[in-house]
Structures are given as structure tokens and as C-alpha cells.
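J.: So that you have it, the file is target.txt, and it contains compact mmCIF, C-alpha atoms:
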```txt
# COMPACT_ATOMS: atom_id res chain seq x y z
CA MET A 290 120.26 88.85 226.87
CA SER A 291 120.59 86.24 229.58
CA THR A 292 117.58 84.20 230.62
CA ASP A 293 116.62 82.62 233.94
CA MET A 294 117.78 79.24 232.67
CA ASP A 295 121.41 80.25 232.26
CA ARG A 296 121.65 82.37 235.39
CA LEU A 297 120.65 79.50 237.70
CA VAL A 298 120.82 75.76 237.20
CA THR A 299 119.88 72.69 239.21
CA TRP A 300 122.71 70.19 239.41
CA HIS A 301 121.46 67.31 241.54
CA ASN A 302 124.23 65.11 240.23
CA GLY A 303 124.72 61.71 241.87
CA GLU A 304 123.37 60.74 245.28
CA LYS A 305 123.61 62.47 248.64
CA GLU A 306 127.02 61.86 250.26
CA HIS A 307 127.67 60.21 253.61
CA SER A 308 127.56 62.60 256.57
CA PRO A 309 128.93 61.91 260.06
CA PHE A 310 125.74 63.48 261.40
CA SER A 311 122.23 62.07 261.36
CA ASP A 312 119.30 63.80 259.68
CA ALA A 313 117.90 64.41 263.16
CA GLU A 314 121.11 66.21 264.19
CA MET A 315 121.09 68.45 261.11
CA ASP A 316 117.38 69.16 261.58
CA ARG A 317 118.12 70.14 265.19
CA ARG A 318 120.67 72.72 264.04
CA GLN A 319 118.42 74.22 261.39
CA ASN A 320 115.43 74.27 263.72
CA ALA A 321 117.49 76.11 266.33
CA VAL A 322 117.89 78.88 263.76
CA ARG A 323 114.15 78.83 263.06
CA GLY A 324 113.46 79.10 266.78
CA TRP A 325 115.68 82.17 266.99
CA MET A 326 113.99 83.60 263.91
CA SER A 327 110.54 83.20 265.48
CA GLU A 328 111.68 84.85 268.71
CA ASN A 329 113.16 87.80 266.82
CA SER A 330 110.61 88.26 264.00
CA VAL A 331 113.15 87.30 261.34
CA ASP A 332 111.79 85.85 258.09
CA ALA A 333 114.94 84.08 256.84
CA CYS A 334 118.70 83.86 257.37
CA LEU A 335 121.47 84.04 254.79
CA PHE A 336 124.64 82.39 256.10
CA THR A 337 127.79 83.26 254.17
CA SER A 338 130.76 82.08 256.27
CA TYR A 339 132.61 78.77 255.97
CA HIS A 340 131.72 77.76 259.50
CA CYS A 341 128.02 78.54 259.45
CA ILE A 342 127.40 77.09 255.99
CA ASN A 343 129.24 73.94 257.04
CA TYR A 344 127.56 73.71 260.45
CA TYR A 345 124.00 74.16 259.22
CA SER A 346 124.24 72.45 255.82
CA GLY A 347 127.14 69.97 255.98
CA PHE A 348 128.77 71.53 252.89
CA LEU A 349 132.25 73.09 253.18
CA PHE A 350 132.95 75.29 250.19
CA CYS A 351 136.16 76.28 248.42
CA TYR A 352 136.03 80.08 248.06
CA PHE A 353 138.40 80.85 245.17
CA GLY A 354 136.87 84.30 244.64
CA ARG A 355 133.22 83.21 244.48
CA LYS A 356 130.37 83.74 246.93
CA TYR A 357 128.48 80.96 248.72
CA GLY A 358 125.43 80.98 250.92
CA PHE A 359 122.93 78.93 252.86
CA VAL A 360 119.40 80.27 253.18
CA ILE A 361 117.17 79.00 255.97
CA ASP A 362 113.57 80.18 256.16
CA HIS A 363 110.74 78.82 258.29
CA ASN A 364 110.18 75.88 255.95
CA THR A 365 113.19 75.23 253.72
CA ALA A 366 116.99 75.19 253.68
CA THR A 367 118.96 75.77 250.46
CA SER A 368 122.65 76.15 249.71
CA VAL A 369 123.77 78.56 246.99
CA SER A 370 126.91 77.47 245.16
CA ALA A 371 128.94 78.30 242.07
CA GLY A 372 128.76 76.26 238.90
CA ILE A 373 132.44 75.41 239.14
CA ASP A 374 131.60 72.98 241.99
CA GLY A 375 129.22 70.86 239.92
CA GLY A 376 126.87 68.72 241.98
CA GLN A 377 129.14 68.33 245.01
CA PRO A 378 127.42 71.10 247.05
CA TRP A 379 124.04 69.44 246.60
CA ARG A 380 125.46 66.03 247.50
CA ARG A 381 126.76 67.37 250.81
CA THR A 382 123.90 69.75 251.68
CA HIS A 383 121.26 68.74 254.19
CA GLY A 384 118.56 70.43 252.18
CA ASP A 385 118.25 71.71 248.63
CA ASN A 386 120.77 73.48 246.43
CA VAL A 387 120.68 76.10 243.71
CA THR A 388 123.70 76.67 241.47
CA TYR A 389 124.52 80.00 239.85
CA THR A 390 126.57 80.38 236.70
CA ASP A 391 129.45 82.71 235.90
CA TRP A 392 127.82 84.48 232.97
CA ARG A 393 126.76 87.52 235.02
CA LYS A 394 128.62 88.88 238.03
CA ASP A 395 125.40 89.34 240.04
CA ASN A 396 124.10 85.82 239.63
CA PHE A 397 124.76 84.95 243.29
CA PHE A 398 122.54 87.82 244.37
CA TYR A 399 119.95 86.80 241.79
CA ALA A 400 119.82 83.39 243.45
CA VAL A 401 119.46 85.01 246.89
CA GLN A 402 116.63 87.17 245.59
CA GLY A 403 114.75 84.08 244.49
CA LEU A 404 115.17 82.42 247.88
CA THR A 405 114.12 85.45 249.94
CA LYS A 406 110.98 86.66 248.16
CA GLY A 407 108.69 88.46 250.58
CA VAL A 408 111.34 88.63 253.30
CA LYS A 409 111.23 91.83 255.36
CA ARG A 410 113.84 90.99 258.01
CA LEU A 411 116.86 88.91 256.99
CA GLY A 412 119.51 87.52 259.28
CA ILE A 413 123.08 87.91 258.00
CA GLU A 414 126.46 87.45 259.67
CA PHE A 415 127.61 90.95 260.57
CA ASP A 416 131.05 89.63 261.52
CA HIS A 417 131.56 88.06 258.09
CA VAL A 418 129.90 90.42 255.59
CA THR A 419 132.24 93.20 254.46
CA LEU A 420 131.08 96.75 253.75
CA ASP A 421 131.15 96.05 250.02
CA TYR A 422 129.24 92.80 250.50
CA ARG A 423 126.59 94.55 252.57
CA THR A 424 126.19 97.26 249.96
CA GLN A 425 125.65 94.59 247.31
CA LEU A 426 123.02 92.91 249.50
CA GLU A 427 121.25 96.21 250.07
CA GLU A 428 121.15 96.84 246.33
CA ALA A 429 119.89 93.32 245.61
CA LEU A 430 117.31 93.34 248.42
CA PRO A 431 115.92 96.89 248.63
CA GLY A 432 113.77 97.56 251.67
CA VAL A 433 114.96 94.47 253.55
CA GLU A 434 116.12 95.04 257.12
CA PHE A 435 119.28 93.16 258.08
CA VAL A 436 119.58 91.56 261.51
CA ASP A 437 122.76 90.04 262.94
CA VAL A 438 122.70 86.25 263.13
CA GLY A 439 126.49 85.93 263.51
CA GLN A 440 126.55 86.22 267.31
CA PRO A 441 123.42 84.09 267.93
CA SER A 442 124.77 81.34 265.66
CA MET A 443 128.07 81.34 267.56
CA TRP A 444 126.24 80.56 270.80
CA MET A 445 124.24 77.84 269.05
CA ARG A 446 127.50 76.20 267.97
CA ALA A 447 129.22 76.61 271.35
CA ILE A 448 127.45 73.69 273.03
CA LYS A 449 128.22 70.53 271.06
CA SER A 450 125.83 67.66 270.57
CA ALA A 451 126.60 64.04 271.42
CA GLU A 452 127.20 63.37 267.72
CA GLU A 453 129.69 66.23 267.57
CA HIS A 454 131.50 64.81 270.59
CA VAL A 455 131.92 61.50 268.74
CA LEU A 456 133.53 63.26 265.77
CA ILE A 457 135.73 65.46 267.96
CA ARG A 458 136.97 62.38 269.82
CA GLU A 459 137.96 60.88 266.47
CA GLY A 460 139.83 64.07 265.69
CA ALA A 461 141.71 63.93 268.99
CA ARG A 462 142.62 60.30 268.31
CA THR A 463 143.92 61.29 264.88
CA CYS A 464 145.95 64.09 266.47
CA ASP A 465 147.74 61.53 268.63
CA ILE A 466 148.65 59.56 265.50
CA GLY A 467 150.11 62.70 263.97
CA GLY A 468 152.06 63.36 267.16
CA ALA A 469 153.57 59.88 267.08
CA ALA A 470 154.62 60.44 263.46
CA VAL A 471 156.39 63.64 264.48
CA ALA A 472 158.24 61.89 267.30
CA ASP A 473 159.36 59.18 264.88
CA ALA A 474 160.54 61.71 262.28
CA VAL A 475 162.46 64.11 264.54
CA LYS A 476 166.20 63.87 263.99
CA ALA A 477 169.04 66.35 263.83
CA GLY A 478 169.62 67.42 260.24
CA VAL A 479 166.01 66.86 259.10
CA GLY A 480 164.06 69.86 257.80
CA GLU A 481 160.98 71.11 259.61
CA HIS A 482 158.95 70.56 256.44
CA GLU A 483 159.88 66.89 256.22
CA ILE A 484 158.79 66.27 259.81
CA ALA A 485 155.52 68.16 259.25
CA MET A 486 154.83 66.18 256.08
CA ALA A 487 155.25 62.90 257.93
CA ALA A 488 152.59 63.92 260.46
CA THR A 489 150.17 65.31 257.89
CA ASN A 490 150.40 62.21 255.73
CA ALA A 491 149.85 59.93 258.73
CA MET A 492 146.72 61.87 259.74
CA ILE A 493 145.28 61.99 256.22
CA ARG A 494 145.73 58.24 255.84
CA GLU A 495 144.02 57.66 259.19
CA ILE A 496 141.07 59.89 258.29
CA ALA A 497 140.75 58.24 254.86
CA GLY A 498 140.67 54.81 256.46
CA SER A 499 138.21 55.75 259.20
CA PHE A 500 135.40 57.54 257.36
CA PRO A 501 133.44 56.78 254.18
CA HIS A 502 133.46 59.36 251.39
CA VAL A 503 135.27 61.86 253.59
CA PRO A 504 136.44 65.15 252.02
CA LEU A 505 140.22 65.07 252.51
CA MET A 506 140.95 68.77 252.75
CA ASP A 507 142.77 71.14 255.08
CA THR A 508 144.53 68.69 257.43
CA TRP A 509 147.88 70.22 258.24
CA THR A 510 150.85 70.31 260.62
CA TRP A 511 152.93 73.16 261.95
CA PHE A 512 156.29 71.98 263.20
CA GLN A 513 158.80 74.57 264.39
CA SER A 514 162.30 74.44 265.82
CA GLY A 515 164.57 76.88 267.64
CA VAL A 516 163.61 80.53 267.21
CA ASN A 517 160.66 79.51 265.03
CA THR A 518 158.88 78.19 268.15
CA ASP A 519 158.24 81.72 269.43
CA GLY A 520 154.82 81.95 267.76
CA ALA A 521 151.95 79.50 267.98
CA HIS A 522 151.04 80.01 264.32
CA ASN A 523 154.47 80.36 262.74
CA PRO A 524 154.71 78.64 259.35
CA VAL A 525 156.71 75.53 258.64
CA THR A 526 160.07 76.32 257.06
CA ASN A 527 162.92 74.30 255.57
CA LYS A 528 165.12 75.05 258.60
CA LYS A 529 166.96 71.91 259.67
CA VAL A 530 166.56 70.67 263.23
CA GLU A 531 169.72 70.76 265.33
CA ALA A 532 170.66 68.72 268.38
CA GLY A 533 169.49 70.56 271.49
CA ASP A 534 166.78 72.50 269.64
CA ILE A 535 163.50 73.27 271.33
CA LEU A 536 160.69 71.96 269.11
CA SER A 537 156.99 72.71 268.78
CA LEU A 538 154.60 70.02 267.51
CA ASN A 539 151.21 71.18 266.16
CA CYS A 540 148.95 68.59 264.51
CA PHE A 541 145.60 69.63 263.05
CA PRO A 542 143.39 67.02 261.40
CA MET A 543 140.26 68.34 259.67
CA ILE A 544 137.31 65.94 259.50
CA TYR A 545 134.13 67.14 257.77
CA GLY A 546 135.10 70.72 258.63
CA TYR A 547 135.82 69.98 262.31
CA TYR A 548 139.20 71.00 263.68
CA THR A 549 141.07 69.33 266.50
CA ALA A 550 144.60 69.93 267.70
CA LEU A 551 147.56 68.43 269.50
CA GLU A 552 150.40 70.74 270.52
CA ARG A 553 153.49 69.71 272.44
CA THR A 554 156.90 71.03 273.41
CA MET A 555 159.74 68.69 272.44
CA PHE A 556 163.54 68.75 272.33
CA CYS A 557 165.91 67.13 269.93
CA GLU A 558 168.28 64.81 271.83
CA SER A 559 168.80 67.01 274.92
CA ALA A 560 167.59 70.03 276.86
CA SER A 561 169.52 72.36 279.16
CA ASN A 562 168.66 72.61 282.84
CA LYS A 563 167.12 76.05 282.27
CA HIS A 564 165.01 74.75 279.40
CA ILE A 565 163.75 71.88 281.55
CA ASP A 566 162.97 74.25 284.43
CA LEU A 567 160.86 76.54 282.21
CA TRP A 568 159.25 73.60 280.46
CA GLN A 569 158.23 72.04 283.78
CA LYS A 570 156.78 75.33 285.00
CA ASN A 571 154.64 75.55 281.89
CA VAL A 572 153.56 71.94 282.42
CA ASP A 573 152.54 72.84 285.99
CA VAL A 574 150.35 75.65 284.64
CA HIS A 575 148.89 73.26 282.08
CA GLU A 576 148.01 70.67 284.71
CA ARG A 577 146.42 73.25 286.99
CA GLY A 578 144.44 74.53 284.02
CA LEU A 579 143.16 71.04 283.30
CA GLU A 580 141.84 70.89 286.89
CA LEU A 581 140.07 74.24 286.55
CA ILE A 582 138.00 73.33 283.49
CA LYS A 583 134.61 72.23 284.78
CA PRO A 584 130.96 73.26 284.46
CA GLY A 585 130.24 76.52 286.25
CA ALA A 586 133.78 77.90 285.90
CA ARG A 587 134.11 81.31 284.27
CA CYS A 588 136.62 81.65 281.46
CA CYS A 589 138.09 84.82 282.97
CA ASP A 590 138.57 83.24 286.40
CA ILE A 591 140.55 80.38 284.91
CA ALA A 592 142.85 82.85 283.14
CA ILE A 593 143.30 85.00 286.24
CA GLU A 594 144.27 82.06 288.46
CA LEU A 595 146.79 80.73 285.95
CA ASN A 596 148.25 84.21 285.55
CA GLU A 597 149.15 84.12 289.22
CA MET A 598 151.28 81.02 288.73
CA TYR A 599 153.29 82.72 286.00
CA ARG A 600 153.51 85.92 288.06
CA GLU A 601 155.04 84.06 291.02
CA TRP A 602 157.85 82.87 288.71
CA ASP A 603 158.20 86.29 287.04
CA LEU A 604 157.11 84.72 283.73
CA LEU A 605 153.79 86.47 283.11
CA GLN A 606 155.36 88.95 280.69
CA TYR A 607 156.31 86.01 278.46
CA ARG A 608 152.74 84.70 278.11
CA SER A 609 151.64 85.35 274.53
CA PHE A 610 147.89 84.54 274.27
CA GLY A 611 144.87 83.13 276.12
CA TYR A 612 144.77 79.75 277.81
CA GLY A 613 142.37 77.95 275.49
CA HIS A 614 139.37 78.14 273.19
CA SER A 615 136.28 76.37 271.95
CA PHE A 616 136.41 73.59 269.37
CA GLY A 617 134.06 72.64 266.56
CA VAL A 618 133.58 73.93 263.02
CA LEU A 619 136.70 76.04 262.68
CA CYS A 620 140.26 75.98 261.41
CA HIS A 621 143.11 78.33 260.58
CA TYR A 622 141.05 80.36 258.11
CA TYR A 623 137.48 80.20 259.36
CA GLY A 624 135.42 79.87 262.49
CA ARG A 625 136.21 80.93 266.04
CA GLU A 626 133.67 80.82 268.81
CA ALA A 627 135.12 83.88 270.49
CA GLY A 628 132.62 83.82 273.34
CA VAL A 629 134.26 80.68 274.74
CA GLU A 630 137.93 81.58 275.13
CA LEU A 631 139.92 81.31 278.34
CA ARG A 632 140.89 84.97 278.58
CA GLU A 633 140.66 87.68 281.19
CA ASP A 634 138.00 89.60 279.23
CA ILE A 635 135.62 86.65 278.66
CA GLU A 636 133.06 86.10 281.42
CA THR A 637 131.34 83.10 279.80
CA VAL A 638 130.47 80.28 282.19
CA LEU A 639 131.48 76.83 280.97
CA GLU A 640 128.51 74.52 280.40
CA PRO A 641 128.10 70.78 279.81
CA GLY A 642 128.59 69.98 276.14
CA MET A 643 131.19 72.65 275.51
CA VAL A 644 134.56 71.52 274.17
CA VAL A 645 137.60 73.60 275.08
CA SER A 646 141.38 73.41 275.03
CA MET A 647 143.90 74.07 277.75
CA GLU A 648 147.02 75.43 276.08
CA PRO A 649 149.29 77.69 278.14
CA MET A 650 152.28 79.17 276.32
CA ILE A 651 155.28 81.25 277.27
CA MET A 652 157.94 82.58 274.90
CA ILE A 653 161.45 83.35 276.15
CA PRO A 654 163.30 85.66 273.70
CA GLU A 655 166.48 84.68 271.90
CA GLY A 656 169.63 85.40 273.86
CA GLN A 657 168.10 84.57 277.21
CA PRO A 658 168.69 81.28 279.02
CA GLY A 659 166.03 78.75 278.04
CA ALA A 660 165.01 80.69 274.92
CA GLY A 661 162.08 79.37 272.89
CA GLY A 662 158.33 78.85 272.93
CA TYR A 663 156.77 76.33 275.33
CA ARG A 664 153.22 75.09 274.84
CA GLU A 665 151.14 72.05 275.77
CA HIS A 666 147.62 71.58 274.42
CA ASP A 667 144.86 69.16 275.42
CA ILE A 668 141.16 69.04 274.46
CA LEU A 669 138.47 68.61 277.10
CA ILE A 670 134.76 67.85 276.85
CA VAL A 671 132.86 69.58 279.65
CA GLY A 672 130.38 67.23 281.34
CA GLU A 673 127.79 67.51 284.09
CA ASP A 674 130.27 67.05 286.94
CA GLY A 675 133.69 67.76 285.48
CA ALA A 676 135.58 67.56 282.21
CA GLU A 677 137.08 64.67 280.25
CA ASN A 678 140.51 65.08 278.68
CA ILE A 679 140.32 63.32 275.30
CA THR A 680 143.97 63.98 274.37
CA LYS A 681 146.18 60.99 275.14
CA PHE A 682 149.61 61.96 273.77
CA PRO A 683 152.07 62.40 276.66
CA TYR A 684 153.64 65.72 277.55
CA GLY A 685 156.58 67.07 279.51
CA PRO A 686 160.32 66.43 279.97
CA ALA A 687 159.86 62.78 280.93
CA HIS A 688 158.36 61.95 277.53
CA ASN A 689 159.31 64.41 274.82
CA ILE A 690 163.07 64.73 274.71
CA ILE A 691 163.51 62.80 271.48
CA PRO A 692 166.66 60.64 271.51
CA ALA A 693 169.11 60.45 268.62
```
What do you get writing this file as C-alpha cells?

T.:
Amino acid sequence: MSTDMDRLVTWHNGEKEHSPFSDAEMDRRQNAVRGWMSENSVDACLFTSYHCINYYSGFLFCYFGRKYGFVIDHNTATSVSAGIDGGQPWRRTHGDNVTYTDWRKDNFFYAVQGLTKGVKRLGIEFDHVTLDYRTQLEEALPGVEFVDVGQPSMWMRAIKSAEEHVLIREGARTCDIGGAAVADAVKAGVGEHEIAMAATNAMIREIAGSFPHVPLMDTWTWFQSGVNTDGAHNPVTNKKVEAGDILSLNCFPMIYGYYTALERTMFCESASNKHIDLWQKNVDVHERGLELIKPGARCCDIAIELNEMYREWDLLQYRSFGYGHSFGVLCHYYGREAGVELREDIETVLEPGMVVSMEPMIMIPEGQPGAGGYREHDILIVGEDGAENITKFPYGPAHNIIPA
């Protein structure tokens, strides 16, 4: 028969790790949750997603089939982690930590029970908890009413603090270093994977040299050529670049769980007149989009105006996704502040502090003149009077036809 001692353990191993954010910043985030709890008669919140646990605690977990959580009540904040992680979750948590062992499959829920005693209304992330997960919570916490904290937490994260802006600027700077590594590595006969590796390694080295005790995880590059450029999230392959190929550069450094991005259209050695014409049109949309990002602008209005530019050139049918999105605690497998996306169905008004991209893309199918995917991507910080573009890597035909 298991005892309390081997179901939960306290592994405060080592000292608290460096964080890019001050204690005051982390307290601000946690207190924002407590403010929402008070307004909505919620006793505690159990965060379970990568992005919310990272945002509110500073700890970014590695899932590998185990559950993780961060419980905030009106007085305390505690991460719940698996024994396989040792003391690392405690070292990175702004708050306390409890570790559960593997000896019983319900030990995670046992830990949650201990942290939510007396709770009648519990905030959970409806957009993250599966049906099975919710059933397990209901069984572990009988009589507790669940309230959605997923949407409220998204809006809390949407407006970035000054400290977040500092980190995001560092990410954009690192993106530019990755972009330069791609430009240096592009050559006919070189595999996409080799070019992507050059960029990823350059960014990891820059992050390692710029931050103390930084977790070096999840920085990556997508680099596509030819037909592989038709999707923004197409994987890197071992396809070799050919002279005249359209290329797509996508650099994504991850710093303490924060994602930034640089995306550029390039060509290897030369581009046809039709390719240059389409490329320049997409650049024109990009530049107009940069002008439209400002406080008070509605996301949907930006999308609608840019649609008209494509429509005038009979290119709207080749647009493949929205014109931009929010930045912060997110990456290719977690996050997404869906309320701040530059799409026709999003009526959100841009506010000072928000960080958004401008990234128009069109995809011309194979067999047509100028075939390929065209995309430029910059990051902007919305201010009181306008927006600052923090991406410095050049774009367009004058800069990104890579010579032999």
C-alpha cells in the first residue's frame, strides 16, 4: 500500500534559476489571475497548458506522456511536476513546487487534490483539457464547479509588459542572425536540411551567449525550396536547392518559451520576370500592412484592406492564411493568442503593448508562371501613437536573390 510520502515528494534541489523577468513582473501576472478570480468568485485556477504554465510560473515542461500543472489560489502559486524532471521545475518556478511520483497513475490528481482543498469553483483551460482529462478531474474533485480560465488568460497575455518587449526584441535580433546564416549557406546543390541547420546552430549559439542559464530548447528553422515553399509550415526535407529555385526562409528562436520569427522569400542565383513581379506585389501588400498596424486599428479591417490589393491583381484566391498574429509565449506546438490575429473574422482592436506580425503570403500552384510560395514577415510592437518594426533583415528582390 502506497503512503503519502511516496506519492508526492519535495525536490527543492539546487538554487532558483535565472529568469529574464523580475519578481515584480511574475507577481503582476499571478495577481492578474487573482484579480480575475475575485471578480468571478473563483477559488483557484489549475493551468495545464505549456503556454499558461510557462507564462505564470516561468517553467516550461517537457510533456513526454505526463501531466503538469500550475495552481494559483488567492495566496499561493505551486507547480505540479513529474519526478522524472528532478528539481528543475522548482528551480524555474516563481512559487513553490510539488513533485509526484510514477508509482500510481493518479498521483498527479492526488497532488491537485492537496492543492485545491476547500475549492468550490476551479478555473481550468477549457481549450486545453480533453474530454478524458475533464472526466479525470471530475472524478478527482467531486462537487467542484469548473470555470473556463483559458479565454481570460489569453487576453491577459495579449498585452505584453515592458519586460516582455525587451525579451521579444532579443528574439527578433536573434532571428536576423539566423537569416544571415541562411543567406550565407544558400547554394545550388546544398540540401534544405543543411541550410536550416546552419541557421538553427547560429541562433542557438547566439542565445547561449546572450543569456545566463538559458534553457536551450525548441529553437528551429524551416527552410523550403521550389514546390516545398507552398506551405508556411512545410517541414524541412533533404531536397537539394537548384539554381533559379524560389526559397522560403523561416527562423524561429525560442528564448525562455518566447517565440519570435523571421520569414523571407529568397531565390537561388536568379528569378524570372514573373517571379519578380509576383514577389514585388506581395512586398507591396506587406509594406501597406506595416502602415496599417497601429493602436485603434481593428484586425478585420486590416485584413479586408489588404484583400483588396490582392483582388485588384486577381491574386486573392492564392492567399493561404491570415495576415499576422500575436507574439509571446507560443511556438509550433503550444500557445496561440487567437483573439489577436489579422483575419476577417477577428474584430479585436489593437492596443499599445500588443506585439503582432505582418506576414502576407500567396501561393502560385506548380505549372503556372511564377509558381511558388511568397511570404515576408516582420514583428511590430504597438505603441501609443504607432507601431515599431523590430525586424531588421531586408526583404524583396533588391536584397534576397542570393548570388552563386

J.: Can you list, as a list in words, every protein, DNA or RNA residue that comes within 9 Å of Gly412 (chain A) when you count all atoms listed in the file, leaving out same-chain residues fewer than 2 positions away?

T.: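 Final neighbour list, sorted by chain and number: Met326, Val331, Asp332, Ala333, Cys334, Leu335, Phe336, Arg410, Glu414, Phe415, Glu434, Phe435, Val436, Asp437, Val438 and Gly439 of chain A.
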
J.: Please report the interatomic distance between CA of His614 (chain A) and CA of Ser646 (chain A) in Å with one decimal.

T.: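 Atom-to-atom, CA of His614 (chain A) to CA of Ser646 (chain A), that is 5.5 Å.
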
J.: Neighbours of Met486 (chain A) within 12 Å (all atoms listed in the file; same-chain residues fewer than 2 positions away dropped), as a ChimeraX atom specification?

T.: /A:467-468,470-471,474-475,479-484,488-493,508-512,525-527,539-540

J.: Counting all atoms listed in the file, find residues at most 12 Å from (121.3, 75.3, 265.8) (file frame) and give them as a ChimeraX atom specification.

T.: /A:313-326,341-346,361,438,441-450

J.: Could you name the residues that touch region 369-377 of chain A at 7 Å or less, counting all atoms listed in the file, but leaving out those on the same chain fewer than 3 positions away, as a PyMOL selection string?

T.: chain A and resi 300-302+355+357-359+380-381+386-390

J.: For region 343-356 of chain A, which lacks atoms in the input, supply N, CA, C and O atoms and format the output as a short mmCIF file (atom, residue, chain, number, x, y, z; two decimals), in the frame of the given file.

T.:
```cif
data_model
loop_
_atom_site.label_atom_id
_atom_site.label_comp_id
_atom_site.auth_asym_id
_atom_site.auth_seq_id
_atom_site.Cartn_x
_atom_site.Cartn_y
_atom_site.Cartn_z
N ASN A 343 128.89 75.33 256.74
CA ASN A 343 129.24 73.94 257.04
C ASN A 343 128.42 73.39 258.21
O ASN A 343 127.93 72.26 258.16
N TYR A 344 128.26 74.18 259.25
CA TYR A 344 127.56 73.71 260.45
C TYR A 344 126.09 73.42 260.16
O TYR A 344 125.55 72.40 260.61
N TYR A 345 125.45 74.30 259.42
CA TYR A 345 124.00 74.16 259.22
C TYR A 345 123.63 73.33 257.99
O TYR A 345 122.51 72.82 257.90
N SER A 346 124.57 73.20 257.04
CA SER A 346 124.24 72.45 255.82
C SER A 346 125.02 71.16 255.65
O SER A 346 124.56 70.22 255.01
N GLY A 347 126.26 71.12 256.20
CA GLY A 347 127.14 69.97 255.98
C GLY A 347 128.07 70.15 254.80
O GLY A 347 128.94 69.31 254.56
N PHE A 348 127.94 71.26 254.08
CA PHE A 348 128.77 71.53 252.89
C PHE A 348 129.86 72.54 253.25
O PHE A 348 129.57 73.61 253.79
N LEU A 349 131.12 72.18 252.97
CA LEU A 349 132.25 73.09 253.18
C LEU A 349 132.76 73.52 251.82
O LEU A 349 133.26 72.72 251.04
N PHE A 350 132.63 74.81 251.53
CA PHE A 350 132.95 75.29 250.19
C PHE A 350 134.42 75.66 250.02
O PHE A 350 135.15 75.83 251.00
N CYS A 351 134.83 75.78 248.78
CA CYS A 351 136.16 76.28 248.42
C CYS A 351 135.95 77.65 247.78
O CYS A 351 135.40 77.76 246.69
N TYR A 352 136.38 78.70 248.43
CA TYR A 352 136.03 80.08 248.06
C TYR A 352 136.51 80.46 246.65
O TYR A 352 135.72 80.72 245.75
N PHE A 353 137.78 80.53 246.47
CA PHE A 353 138.40 80.85 245.17
C PHE A 353 137.73 82.03 244.46
O PHE A 353 137.49 82.01 243.25
N GLY A 354 137.38 83.07 245.23
CA GLY A 354 136.87 84.30 244.64
C GLY A 354 135.38 84.31 244.33
O GLY A 354 134.88 85.25 243.70
N ARG A 355 134.65 83.27 244.75
CA ARG A 355 133.22 83.21 244.48
C ARG A 355 132.43 83.20 245.80
O ARG A 355 132.94 82.78 246.82
N LYS A 356 131.20 83.67 245.74
CA LYS A 356 130.37 83.74 246.93
C LYS A 356 129.54 82.46 247.09
O LYS A 356 129.13 81.85 246.11
#
```
